[in-house]
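**Q** The following file, entry23.tsv, comprises TSV, C-alpha atoms and all ligand atoms:
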chain	number	residue	atom	x	y	z
W	7	MET	CA	-62.46	-12.47	-54.83
W	8	ALA	CA	-61.78	-9.97	-52.10
W	9	LYS	CA	-58.48	-10.36	-50.29
W	10	ILE	CA	-57.42	-9.21	-46.83
W	11	ILE	CA	-53.94	-7.81	-47.32
W	12	GLY	CA	-53.15	-6.79	-43.75
W	13	GLY	CA	-54.25	-5.51	-40.41
W	14	ILE	CA	-53.17	-2.37	-38.61
W	15	THR	CA	-53.73	-1.72	-34.92
W	16	THR	CA	-53.48	1.79	-33.60
W	17	SER	CA	-54.62	3.80	-30.63
W	18	HIS	CA	-57.16	6.49	-31.44
W	19	ILE	CA	-56.88	8.86	-28.48
W	20	PRO	CA	-58.06	12.44	-29.09
W	21	ALA	CA	-54.68	13.87	-27.97
W	22	ILE	CA	-53.17	12.42	-31.16
W	23	GLY	CA	-55.81	14.17	-33.25
W	24	VAL	CA	-55.16	17.43	-31.44
W	25	ALA	CA	-51.40	17.01	-32.00
W	26	ILE	CA	-52.01	16.62	-35.74
W	27	ASP	CA	-54.26	19.69	-35.80
W	28	LYS	CA	-51.58	21.73	-34.08
W	29	GLY	CA	-48.68	20.33	-36.09
W	30	LEU	CA	-46.93	18.85	-33.05
W	31	GLU	CA	-45.84	15.59	-34.73
W	32	ASP	CA	-42.16	16.46	-34.53
W	33	THR	CA	-42.06	17.72	-30.94
W	34	PRO	CA	-40.16	15.62	-28.35
W	35	TYR	CA	-43.40	14.52	-26.70
W	36	PHE	CA	-44.92	13.09	-29.89
W	37	ARG	CA	-41.93	12.32	-32.13
W	38	ASP	CA	-41.52	8.65	-31.19
W	39	LEU	CA	-45.20	8.02	-31.59
W	40	PHE	CA	-45.49	9.55	-35.04
W	41	ALA	CA	-42.26	7.89	-36.25
W	42	ILE	CA	-44.06	4.64	-36.95
W	43	TYR	CA	-46.63	6.08	-39.32
W	44	PRO	CA	-44.46	6.94	-42.36
W	45	PRO	CA	-43.43	3.27	-42.81
W	46	ILE	CA	-47.04	2.17	-42.40
W	47	ARG	CA	-48.16	4.77	-44.93
W	48	GLY	CA	-45.39	3.55	-47.21
W	49	TRP	CA	-46.84	0.04	-47.03
W	50	LEU	CA	-50.34	1.39	-47.72
W	51	ASN	CA	-49.06	3.37	-50.72
W	52	GLU	CA	-47.43	0.26	-52.11
W	53	GLU	CA	-50.34	-2.08	-51.52
W	54	LYS	CA	-53.11	0.39	-52.34
W	55	PRO	CA	-56.04	-1.24	-50.56
W	56	ASP	CA	-59.49	-0.43	-51.99
W	57	ILE	CA	-61.41	-0.81	-48.75
W	58	ALA	CA	-60.70	-0.38	-45.03
W	59	VAL	CA	-62.82	-2.24	-42.51
W	60	LEU	CA	-62.42	-0.13	-39.41
W	61	PHE	CA	-63.19	-1.47	-35.94
W	62	TYR	CA	-63.81	1.38	-33.51
W	63	ASN	CA	-65.99	2.37	-30.60
W	64	ASP	CA	-68.22	5.41	-30.42
W	65	HIS	CA	-67.53	7.61	-27.40
W	66	GLY	CA	-70.82	9.49	-27.35
W	67	LEU	CA	-71.17	11.20	-30.70
W	68	GLU	CA	-73.66	9.05	-32.59
W	69	MET	CA	-74.33	6.08	-30.32
W	70	TRP	CA	-74.89	7.43	-26.92
W	71	LEU	CA	-76.52	5.72	-23.95
W	72	ASP	CA	-80.11	6.05	-25.16
W	73	LYS	CA	-79.59	3.56	-28.01
W	74	LYS	CA	-76.25	1.87	-27.71
W	75	PRO	CA	-75.62	-1.11	-29.98
W	76	THR	CA	-73.33	-3.84	-28.71
W	77	PHE	CA	-72.11	-4.48	-32.25
W	78	ALA	CA	-72.98	-2.18	-35.15
W	79	ILE	CA	-71.96	-2.03	-38.78
W	80	GLY	CA	-72.13	0.91	-41.15
W	81	CYS	CA	-73.94	0.37	-44.47
W	82	ALA	CA	-73.88	3.98	-45.59
W	83	PRO	CA	-72.44	5.60	-48.73
W	84	GLN	CA	-70.79	8.24	-46.56
W	85	TYR	CA	-69.88	8.90	-42.92
W	86	GLU	CA	-69.73	12.38	-41.50
W	87	ASN	CA	-67.72	13.45	-38.46
W	88	ALA	CA	-68.81	16.24	-36.12
W	89	ASP	CA	-67.95	18.34	-33.09
W	90	GLU	CA	-67.45	16.11	-30.03
W	91	GLY	CA	-67.29	18.91	-27.54
W	92	TRP	CA	-63.64	19.27	-26.67
W	93	GLY	CA	-61.43	20.08	-29.46
W	94	ILE	CA	-60.45	18.11	-32.51
W	95	LYS	CA	-61.52	19.67	-35.77
W	96	PRO	CA	-64.09	17.63	-37.67
W	97	ILE	CA	-62.70	16.08	-40.84
W	98	PRO	CA	-64.34	15.71	-44.27
W	99	PRO	CA	-66.63	12.69	-44.67
W	100	LEU	CA	-65.40	9.16	-45.22
W	101	THR	CA	-66.71	7.31	-48.27
W	102	GLY	CA	-68.58	4.07	-47.59
W	103	GLU	CA	-68.77	0.77	-49.48
W	104	THR	CA	-72.39	-0.29	-49.25
W	105	GLU	CA	-72.18	-3.43	-51.31
W	106	LEU	CA	-69.56	-5.09	-49.12
W	107	SER	CA	-71.30	-3.76	-46.00
W	108	TRP	CA	-74.52	-5.51	-46.94
W	109	HIS	CA	-72.64	-8.65	-47.90
W	110	ILE	CA	-71.04	-8.68	-44.44
W	111	VAL	CA	-74.39	-8.07	-42.72
W	112	ASN	CA	-76.03	-10.93	-44.63
W	113	HIS	CA	-73.11	-13.22	-43.92
W	114	LEU	CA	-73.09	-12.33	-40.22
W	115	ILE	CA	-76.78	-12.97	-39.73
W	116	GLU	CA	-76.56	-16.29	-41.55
W	117	ASN	CA	-73.78	-17.14	-39.12
W	118	ASP	CA	-75.64	-16.15	-35.96
W	119	PHE	CA	-74.26	-12.69	-35.34
W	120	ASP	CA	-76.94	-10.00	-35.28
W	121	PRO	CA	-75.42	-6.54	-35.41
W	122	THR	CA	-77.23	-3.23	-35.55
W	123	VAL	CA	-77.29	-2.05	-39.16
W	124	CYS	CA	-76.63	1.66	-39.67
W	125	GLN	CA	-77.48	3.50	-42.89
W	126	ASP	CA	-76.80	6.95	-41.49
W	127	ILE	CA	-74.27	7.45	-38.72
W	128	LYS	CA	-71.67	9.98	-37.81
W	129	VAL	CA	-68.30	8.55	-36.77
W	130	ASP	CA	-66.21	9.99	-33.94
W	131	HIS	CA	-62.49	10.23	-33.14
W	132	GLY	CA	-62.36	6.46	-32.69
W	133	ALA	CA	-62.60	6.29	-36.48
W	134	THR	CA	-61.26	9.65	-37.61
W	135	VAL	CA	-57.97	9.73	-35.68
W	136	PRO	CA	-56.79	6.45	-37.27
W	137	MET	CA	-57.93	7.62	-40.72
W	138	THR	CA	-56.04	10.87	-40.28
W	139	LEU	CA	-52.93	9.07	-39.05
W	140	LEU	CA	-52.88	6.63	-41.94
W	141	TRP	CA	-54.04	8.98	-44.69
W	142	PRO	CA	-52.97	12.46	-43.55
W	143	ASN	CA	-54.24	15.74	-44.92
W	144	HIS	CA	-57.58	14.15	-45.75
W	145	SER	CA	-55.93	11.93	-48.37
W	146	TYR	CA	-58.36	9.08	-47.67
W	147	GLN	CA	-60.62	9.98	-50.59
W	148	GLY	CA	-59.34	7.02	-52.57
W	149	ILE	CA	-60.32	4.43	-50.02
W	150	LYS	CA	-63.75	3.21	-49.06
W	151	VAL	CA	-64.44	2.61	-45.40
W	152	ILE	CA	-66.73	0.27	-43.50
W	153	PRO	CA	-66.95	1.30	-39.85
W	154	VAL	CA	-67.74	-1.45	-37.35
W	155	ALA	CA	-68.56	-0.28	-33.83
W	156	ILE	CA	-68.18	-2.26	-30.61
W	157	ASN	CA	-69.63	-1.02	-27.32
W	158	CYS	CA	-66.77	-0.13	-24.97
W	159	GLU	CA	-68.64	2.51	-23.04
W	160	ARG	CA	-71.17	0.80	-20.81
W	161	HIS	CA	-71.20	-2.64	-19.24
W	162	PRO	CA	-72.20	-5.23	-20.19
W	163	MET	CA	-69.76	-5.13	-23.09
W	164	PRO	CA	-69.10	-8.07	-25.36
W	165	LYS	CA	-66.63	-10.55	-23.95
W	166	PRO	CA	-63.16	-10.39	-25.55
W	167	SER	CA	-63.74	-13.87	-26.98
W	168	ARG	CA	-66.95	-12.66	-28.57
W	169	SER	CA	-65.33	-9.64	-30.20
W	170	TYR	CA	-62.71	-11.99	-31.62
W	171	ALA	CA	-65.39	-14.34	-32.96
W	172	PHE	CA	-67.35	-11.41	-34.39
W	173	GLY	CA	-64.25	-10.22	-36.21
W	174	LYS	CA	-63.57	-13.73	-37.45
W	175	ALA	CA	-67.06	-13.89	-38.98
W	176	ILE	CA	-66.45	-10.54	-40.68
W	177	GLY	CA	-63.15	-11.83	-42.06
W	178	ASP	CA	-64.89	-14.91	-43.46
W	179	ALA	CA	-67.48	-12.64	-45.06
W	180	ILE	CA	-64.81	-10.47	-46.70
W	181	ARG	CA	-62.93	-13.49	-48.04
W	182	CYS	CA	-66.06	-14.86	-49.73
W	183	TRP	CA	-67.08	-11.59	-51.37
W	184	GLU	CA	-67.02	-12.15	-55.10
W	185	LYS	CA	-65.61	-8.80	-56.13
W	186	ASP	CA	-61.90	-8.29	-56.60
W	187	ALA	CA	-60.86	-5.90	-53.89
W	188	LYS	CA	-57.95	-5.45	-51.53
W	189	VAL	CA	-59.10	-4.97	-47.96
W	190	VAL	CA	-57.11	-3.64	-45.04
W	191	LEU	CA	-58.35	-4.12	-41.46
W	192	LEU	CA	-57.96	-1.44	-38.81
W	193	GLY	CA	-58.24	-2.31	-35.11
W	194	THR	CA	-58.29	0.88	-33.07
W	195	GLY	CA	-58.20	1.95	-29.44
W	196	GLY	CA	-56.29	0.91	-26.34
W	197	LEU	CA	-54.00	-0.03	-24.95
W	198	SER	CA	-53.73	0.36	-21.16
W	199	HIS	CA	-55.39	3.45	-19.76
W	200	GLN	CA	-57.92	4.51	-17.19
W	201	LEU	CA	-59.57	7.90	-17.41
W	202	ASP	CA	-62.02	7.66	-14.51
W	203	GLY	CA	-61.96	7.65	-10.74
W	204	PRO	CA	-59.27	7.49	-8.05
W	205	ARG	CA	-57.43	4.86	-10.10
W	206	ALA	CA	-57.15	7.21	-13.11
W	207	GLY	CA	-53.70	7.20	-14.66
W	208	ILE	CA	-52.85	3.53	-14.30
W	209	LEU	CA	-50.78	2.15	-17.16
W	210	ASN	CA	-49.31	-1.30	-17.69
W	211	ALA	CA	-46.57	-1.34	-20.30
W	212	ASP	CA	-45.69	-4.99	-19.59
W	213	PHE	CA	-49.26	-6.10	-20.11
W	214	ASP	CA	-49.53	-4.01	-23.28
W	215	SER	CA	-46.45	-5.68	-24.63
W	216	TYR	CA	-47.83	-9.12	-23.68
W	217	CYS	CA	-51.07	-8.29	-25.52
W	218	MET	CA	-49.18	-7.20	-28.64
W	219	ASP	CA	-47.14	-10.42	-28.59
W	220	LYS	CA	-50.16	-12.64	-28.12
W	221	LEU	CA	-52.21	-10.75	-30.67
W	222	VAL	CA	-49.75	-12.03	-33.25
W	223	SER	CA	-48.92	-15.51	-32.01
W	224	ASP	CA	-51.82	-16.72	-29.91
W	225	PRO	CA	-54.90	-14.48	-29.73
W	226	GLN	CA	-56.80	-17.30	-28.04
W	227	GLU	CA	-54.81	-16.52	-24.91
W	228	LEU	CA	-56.28	-13.01	-24.91
W	229	CYS	CA	-59.75	-14.44	-25.47
W	230	LYS	CA	-59.49	-16.12	-22.05
W	231	PHE	CA	-59.63	-12.74	-20.33
W	232	SER	CA	-62.89	-11.29	-19.10
W	233	ASN	CA	-63.44	-7.56	-19.35
W	234	VAL	CA	-62.83	-7.26	-15.59
W	235	ASP	CA	-59.50	-9.07	-16.03
W	236	LEU	CA	-58.54	-6.45	-18.61
W	237	ILE	CA	-59.69	-3.60	-16.33
W	238	GLU	CA	-57.61	-4.96	-13.46
W	239	LYS	CA	-54.50	-5.33	-15.58
W	240	GLY	CA	-54.68	-2.30	-17.84
W	241	GLY	CA	-57.30	0.11	-16.51
W	242	ALA	CA	-60.96	0.71	-17.27
W	243	GLN	CA	-60.37	1.59	-20.92
W	244	MET	CA	-58.18	-1.45	-21.58
W	245	VAL	CA	-61.46	-3.01	-22.71
W	246	GLU	CA	-60.79	-1.30	-26.05
W	247	LEU	CA	-58.65	-4.34	-26.79
W	248	ALA	CA	-61.99	-5.56	-28.20
W	249	MET	CA	-61.27	-3.82	-31.50
W	250	TRP	CA	-57.76	-5.29	-31.73
W	251	LEU	CA	-59.21	-8.74	-31.13
W	252	ALA	CA	-61.93	-8.22	-33.74
W	253	MET	CA	-59.28	-7.15	-36.25
W	254	ARG	CA	-57.17	-10.19	-35.40
W	255	GLY	CA	-60.15	-12.49	-35.71
W	256	ALA	CA	-60.85	-11.09	-39.16
W	257	LEU	CA	-57.23	-11.50	-40.23
W	258	GLY	CA	-57.62	-15.29	-40.13
W	259	ASP	CA	-56.34	-18.30	-38.24
W	260	GLY	CA	-52.68	-18.56	-39.21
W	261	ILE	CA	-49.93	-16.65	-37.45
W	262	PRO	CA	-49.36	-13.44	-39.43
W	263	GLU	CA	-46.05	-11.74	-40.08
W	264	GLU	CA	-45.56	-8.82	-37.71
W	265	ARG	CA	-44.08	-6.29	-40.10
W	266	LEU	CA	-43.99	-3.28	-37.79
W	267	ARG	CA	-44.52	-2.44	-34.14
W	268	ASN	CA	-44.33	0.67	-32.03
W	269	TYR	CA	-45.17	1.32	-28.40
W	270	VAL	CA	-44.97	4.61	-26.54
W	271	ALA	CA	-46.21	5.27	-23.01
W	272	PRO	CA	-47.53	7.57	-21.83
W	273	ILE	CA	-49.14	9.62	-24.57
W	274	SER	CA	-51.85	11.55	-22.80
W	275	ASN	CA	-52.96	8.93	-20.23
W	276	THR	CA	-52.45	5.98	-22.53
W	277	GLY	CA	-50.05	3.25	-23.54
W	278	VAL	CA	-50.09	3.76	-27.29
W	279	GLY	CA	-49.49	0.69	-29.43
W	280	VAL	CA	-49.24	0.31	-33.19
W	281	GLN	CA	-48.76	-2.88	-35.22
W	282	LEU	CA	-48.82	-3.89	-38.87
W	283	LEU	CA	-49.69	-7.54	-39.40
W	284	ILE	CA	-49.59	-9.34	-42.75
W	285	PRO	CA	-51.51	-12.61	-43.11
W	286	LYS	CA	-49.50	-15.46	-44.57
W	287	GLY	CA	-50.51	-17.25	-47.73
I	5	MET	CA	-78.53	-18.49	-12.98
I	6	THR	CA	-75.75	-17.02	-15.08
I	7	ASP	CA	-73.31	-15.14	-12.92
I	8	TYR	CA	-72.75	-11.81	-14.62
I	9	LYS	CA	-71.80	-9.76	-11.60
I	10	MET	CA	-68.56	-7.88	-12.18
I	11	ARG	CA	-65.73	-8.32	-9.72
I	12	PRO	CA	-65.03	-5.02	-7.90
I	13	VAL	CA	-61.83	-3.19	-8.88
I	14	GLU	CA	-60.46	-0.76	-6.34
I	15	GLY	CA	-60.71	2.90	-7.24
I	16	THR	CA	-63.03	2.10	-10.11
I	17	ILE	CA	-66.78	2.26	-10.54
I	18	HIS	CA	-67.91	-0.06	-13.31
I	19	PHE	CA	-70.25	1.96	-15.48
I	20	ASP	CA	-73.03	-0.61	-15.76
I	21	GLY	CA	-76.79	-0.64	-16.16
I	22	ALA	CA	-77.47	0.50	-12.60
I	23	GLN	CA	-75.05	3.43	-12.88
I	24	SER	CA	-76.32	4.31	-16.34
I	25	THR	CA	-79.89	4.38	-15.02
I	26	LYS	CA	-78.99	6.68	-12.14
I	27	GLY	CA	-76.90	8.96	-14.30
I	28	PHE	CA	-79.07	9.14	-17.38
I	29	ASN	CA	-80.19	12.77	-17.14
I	30	PHE	CA	-76.73	13.99	-16.21
I	31	ASN	CA	-75.08	12.07	-19.03
I	32	LYS	CA	-77.77	13.30	-21.40
I	33	MET	CA	-76.98	16.86	-20.41
I	34	CYS	CA	-73.27	16.27	-21.04
I	35	PHE	CA	-74.07	14.60	-24.37
I	36	SER	CA	-75.71	17.87	-25.40
I	37	PHE	CA	-72.30	19.53	-25.08
I	38	ASN	CA	-71.35	18.11	-28.47
I	39	ASN	CA	-73.13	21.25	-29.63
I	40	GLU	CA	-71.43	24.63	-29.34
I	41	GLU	CA	-74.67	26.49	-28.60
I	42	ALA	CA	-75.39	24.11	-25.75
I	43	ARG	CA	-71.92	24.69	-24.31
I	44	GLN	CA	-72.49	28.42	-24.43
I	45	ALA	CA	-75.94	28.09	-22.87
I	46	PHE	CA	-74.48	26.05	-20.00
I	47	LEU	CA	-71.71	28.56	-19.39
I	48	ALA	CA	-74.15	31.45	-19.49
I	49	ASP	CA	-76.42	29.94	-16.83
I	50	PRO	CA	-75.37	26.57	-15.39
I	51	GLU	CA	-78.23	26.40	-12.88
I	52	ALA	CA	-80.89	26.89	-15.53
I	53	TYR	CA	-79.15	24.40	-17.80
I	54	MET	CA	-79.02	21.75	-15.06
I	55	GLU	CA	-82.67	22.37	-14.29
I	56	LYS	CA	-83.60	21.95	-17.92
I	57	TYR	CA	-82.12	18.42	-17.76
I	58	ARG	CA	-83.85	17.76	-14.43
I	59	LEU	CA	-80.69	16.97	-12.51
I	60	SER	CA	-81.18	15.85	-8.94
I	61	GLU	CA	-79.96	18.18	-6.19
I	62	GLU	CA	-77.10	15.74	-5.52
I	63	PHE	CA	-75.92	15.98	-9.10
I	64	LYS	CA	-76.26	19.76	-9.12
I	65	GLN	CA	-74.21	20.07	-5.95
I	66	ALA	CA	-71.50	17.71	-7.15
I	67	LEU	CA	-71.24	19.75	-10.31
I	68	ARG	CA	-71.11	23.03	-8.43
I	69	ASP	CA	-68.34	21.49	-6.30
I	70	LYS	CA	-66.64	20.12	-9.45
I	71	ASP	CA	-66.39	16.84	-7.53
I	72	LEU	CA	-65.70	14.39	-10.34
I	73	ASN	CA	-65.54	11.28	-8.15
I	74	ARG	CA	-68.92	12.15	-6.70
I	75	LEU	CA	-70.32	12.58	-10.21
I	76	LEU	CA	-69.01	9.11	-11.05
I	77	GLU	CA	-70.59	7.65	-7.92
I	78	LEU	CA	-73.91	9.22	-8.81
I	79	GLY	CA	-73.89	7.66	-12.26
I	80	GLY	CA	-71.76	9.91	-14.44
I	81	SER	CA	-69.91	8.29	-17.31
I	82	ILE	CA	-66.37	9.46	-17.93
I	83	TYR	CA	-67.01	9.75	-21.67
I	84	TYR	CA	-69.71	12.38	-21.06
I	85	MET	CA	-67.83	13.99	-18.20
I	86	ALA	CA	-64.99	14.51	-20.68
I	87	LYS	CA	-67.31	16.74	-22.69
I	88	LEU	CA	-68.11	18.67	-19.51
I	89	ALA	CA	-64.39	18.94	-18.78
I	90	GLY	CA	-63.90	20.39	-22.27
I	91	ILE	CA	-66.16	23.30	-21.33
I	92	PHE	CA	-63.88	24.14	-18.43
I	93	GLY	CA	-60.78	23.62	-20.55
I	94	TRP	CA	-59.62	20.64	-18.50
I	95	ASN	CA	-57.66	18.02	-20.39
I	96	MET	CA	-57.24	14.36	-19.38
I	97	GLN	CA	-54.26	15.07	-17.12
I	98	VAL	CA	-56.17	17.78	-15.29
I	99	ILE	CA	-59.16	15.56	-14.62
I	100	GLY	CA	-56.90	12.60	-13.90
I	101	GLY	CA	-55.29	14.66	-11.17
I	102	MET	CA	-58.61	15.91	-9.85
I	103	GLN	CA	-59.91	12.36	-9.50
I	104	SER	CA	-56.79	10.78	-8.07
I	105	GLY	CA	-56.01	13.55	-5.60
I	106	ARG	CA	-52.95	14.87	-7.42
I	107	THR	CA	-51.96	18.13	-8.97
I	108	THR	CA	-51.75	18.03	-12.76
I	109	GLU	CA	-47.94	17.94	-12.48
I	110	GLU	CA	-48.06	15.08	-9.98
I	111	PHE	CA	-50.45	13.22	-12.23
I	112	GLN	CA	-48.13	13.66	-15.21
I	113	ALA	CA	-45.23	12.42	-13.09
I	114	TYR	CA	-47.30	9.38	-12.08
I	115	LEU	CA	-47.99	8.60	-15.75
I	116	ASP	CA	-44.33	9.05	-16.63
I	117	SER	CA	-43.24	6.80	-13.75
I	118	GLN	CA	-45.10	3.88	-15.34
I	119	GLY	CA	-44.08	4.63	-18.90
I	120	ARG	CA	-41.77	2.41	-20.79
I	121	GLY	CA	-40.25	5.33	-22.60
I	122	LYS	CA	-39.92	4.86	-26.27
I	123	THR	CA	-39.52	1.65	-28.17
I	124	THR	CA	-39.64	1.55	-31.92
I	125	ASN	CA	-38.65	-1.32	-34.13
I	126	GLY	CA	-39.24	-2.33	-37.69
W	301	FE	FE	-61.31	5.17	-27.22
Since I need it in another form, could you write the structure as C-alpha cells?
**A**
Amino acid sequence: MAKIIGGITTSHIPAIGVAIDKGLEDTPYFRDLFAIYPPIRGWLNEEKPDIAVLFYNDHGLEMWLDKKPTFAIGCAPQYENADEGWGIKPIPPLTGETELSWHIVNHLIENDFDPTVCQDIKVDHGATVPMTLLWPNHSYQGIKVIPVAINCERHPMPKPSRSYAFGKAIGDAIRCWEKDAKVVLLGTGGLSHQLDGPRAGILNADFDSYCMDKLVSDPQELCKFSNVDLIEKGGAQMVELAMWLAMRGALGDGIPEERLRNYVAPISNTGVGVQLLIPKG
Amino acid sequence: MTDYKMRPVEGTIHFDGAQSTKGFNFNKMCFSFNNEEARQAFLADPEAYMEKYRLSEEFKQALRDKDLNRLLELGGSIYYMAKLAGIFGWNMQVIGGMQSGRTTEEFQAYLDSQGRGKTTNG
C-alpha cells in the first residue's frame, strides 16, 4: 500500500528562484532562508520518497483567466515549465505518475469532489521553485510528481475549509492505493504578503506564526477563517494558505510531529515559512 | 439567498468576477507577455500593441501614466501586471512602492519594519 511519509510546506515566491539562479543562497539577505533546506534535503535523502504530491497555484502560465479551474489535478506523464515573463529560468520537465493521478481522480469523484483533470499542462514557479529548493540542480529526476492546483488568483476561491477537505480526500486516496510507494506531500505558497494596491507590503509575522502552530496542532481552527479573514490578517496573497491546508488535510487526522520549522520575513514582500511534518503511526 | 459578497478591505480591490470581466482584455494582453516576442513587440510599439488587444482608452491612459492603482481599479490583476512590470524591469519592491506611494527604499524599510528577523529552529 502507498504510505504518506511526511509533508513539507514552503513558500514558492519567484525571488527565491531568482536567488538560486544567481547563486545568492549564501548572501546575508538569503542565508537564513536557505539554511533550512539542507536538513530537509537530508530527510528526503534518507526517506527516499517515490512520489511527491505537490499543491500549488498557477499564477498565469497555464491556467489563466479564460479557463481557470478551482481545483485541478495533473494526470500527465510529464510537466513542462516555461517562460513566465519576468525572469526565472525554466527548468527541465518534471516526471508525472499517471497511475496514482487517475486513482486519485477516481477516488475524488466517488467522494464528491470534481476537479479539472489535466493531461497536458505546464507548471509555473508555484511548482518549480519548491522542486528546485528540495531537489537542487535538477536532481528531481528520481521522483515522480503529481501537481494539484488550487485557484488563488481570482475570487471566488475555494474556502479554506474546502481546500482542507479536498486535501483530506486526496490523502485518503493515496492511502488506499494498492501499490507500494512512499509519498511526500508538498504544500506551497504563502505566508503573509500583499502585492497589489495601496496596502501592498503588509506582512503579519505573528499571524504567520499562529498559522504554522495551528497547522500542526489544530488545523480546524484555520478552517474557520474565510478568505477575507485571511486577506485582512495577512494580505491579499495570504489566501495561498489554501495549499498548506490541503497538504495538512492529506497528511491525516492525528497531530503530526513537527520535525523542522523556519520563518524569515521579509523575503521579497513575503513572510516565508517552511515546515517539515511527519505523521504519527 | 447565499451571501457571497466579500467584506471590503481598505487599500485592496478584491479581484473578483466583476473586476475580471472589466479587465479581461488588459489581462489577456499581459498574459501574452509570457512570450519573449510579445514583450519585444510591446516595447517596439506600445500603442499598436494595446490596440491589438482592444484596450479601452482608460486602460491605455493608465498604462501610459504607469498608474498601477488605476490599472487595478479598472480590472487589472496583479499577477498579470507583474508580467508587465517585468518588461519595465520593475521588481516587487518597485511596484510595491509605486502602489503604496513610497520610494523603493521606503517600501523596503516598511517591509523590514514588520519583519520578525530570522528565526530558525530544528
Ligand atoms: Fe504564489
**Q** Kindly indicate which residue among W:Asn268, W:Thr194, W:Ser169, W:Asn63 lies nearest to chain I, using all atoms listed in the file for the distances.
**A**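 Among the listed residues, W:Asn268 lies closest to chain I.
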**Q** Within 6 Å of ligand FE 301 (chain W), counting all atoms listed in the file, which protein or nucleic acid residues do you find, written as a list in words?
**A**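 Those within range of ligand FE 301 (chain W) are Ile19, Gly132 and Gly195 of chain W.
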**Q** If we count all atoms listed in the file, which residues of chain I reach to within 8 Å of chain W? Please list them as a PyMOL selection string.
**A** chain I and resi 10-11+13-21+24+28+35+37-40+72-73+76+82-84+86-87+89-91+96-97+100-101+103-105+111+114-116+118-126
**Q** Would you compute the distance between atom CA of Pro262 of chain W and atom CA of Leu192 of chain W? Give it in Å to one decimal.
**A**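 So the answer is 14.8 Å.
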**Q** With distances taken over only C-alpha atoms, which of I:Met5, I:Cys34, I:Ala22, I:Leu47 is nearest to Leu78 of chain I?
**A**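 Closest to Leu78 of chain I, using only C-alpha atoms: I:Ala22.
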**Q** As a list in words, please: the residues near Tyr216 of chain W (cut-off 12 Å, all atoms listed in the file, same-chain neighbours under 5 positions excluded).
**A**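 The residues satisfying every condition are Leu197, Ser198, Asn210, Ala211, Leu221, Val222, Ser223, Asp224, Pro225, Glu227, Leu228, Lys239, Gly240, Tyr269 and Gly279 of chain W.
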**Q** Measure the distance from atom CA of Asp259 of chain W to atom CA of Val59 of chain W in Å and round it to one decimal.
**A** 17.8 Å
**Q** Looking at all atoms listed in the file, which of I:Gln112, I:Gln44, I:Ser81, I:Asn95 is the one that sits closest to Gln23 of chain I?
**A**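 For Gln23 of chain I, the nearest of the candidates is I:Ser81.
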**Q** Do you know which residues are at most 9 Å from Met54 of chain I counting all atoms listed in the file, after dropping those on the same chain fewer than 5 positions away, and could you put them as an mmCIF file with C-alpha atoms, keeping the file's coordinate frame?
**A**
data_model
loop_
_atom_site.group_PDB
_atom_site.id
_atom_site.type_symbol
_atom_site.label_atom_id
_atom_site.label_comp_id
_atom_site.auth_asym_id
_atom_site.auth_seq_id
_atom_site.Cartn_x
_atom_site.Cartn_y
_atom_site.Cartn_z
ATOM 1 C CA PHE I 30 -76.730 13.990 -16.210
ATOM 2 C CA MET I 33 -76.980 16.860 -20.410
ATOM 3 C CA PHE I 46 -74.480 26.050 -20.000
ATOM 4 C CA ASP I 49 -76.420 29.940 -16.830
ATOM 5 C CA LEU I 59 -80.690 16.970 -12.510
ATOM 6 C CA SER I 60 -81.180 15.850 -8.940
ATOM 7 C CA PHE I 63 -75.920 15.980 -9.100
ATOM 8 C CA LYS I 64 -76.260 19.760 -9.120
#
**Q** Do you know which residues are at most 8 Å from Ala252 of chain W counting all atoms listed in the file, after dropping those on the same chain fewer than 5 positions away, and could you put them as an MDAnalysis selection string?
**A** chainID W and resid 61 169:174 193
**Q** Between W:Leu283, W:Val189, W:Pro55, W:Ile115, which has the minimum distance to Gly148 of chain W (counting only C-alpha atoms)?
**A**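 Ranked by minimum distance to Gly148 of chain W, first place goes to W:Pro55.
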**Q** So the first atom is atom CA of Ser167 of chain W and the second is atom CA of Asp120 of chain W; what is the distance between them in Å, to one decimal place?
**A**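 Computing the Euclidean distance for atom CA of Ser167 of chain W and atom CA of Asp120 of chain W yields 16.1 Å.
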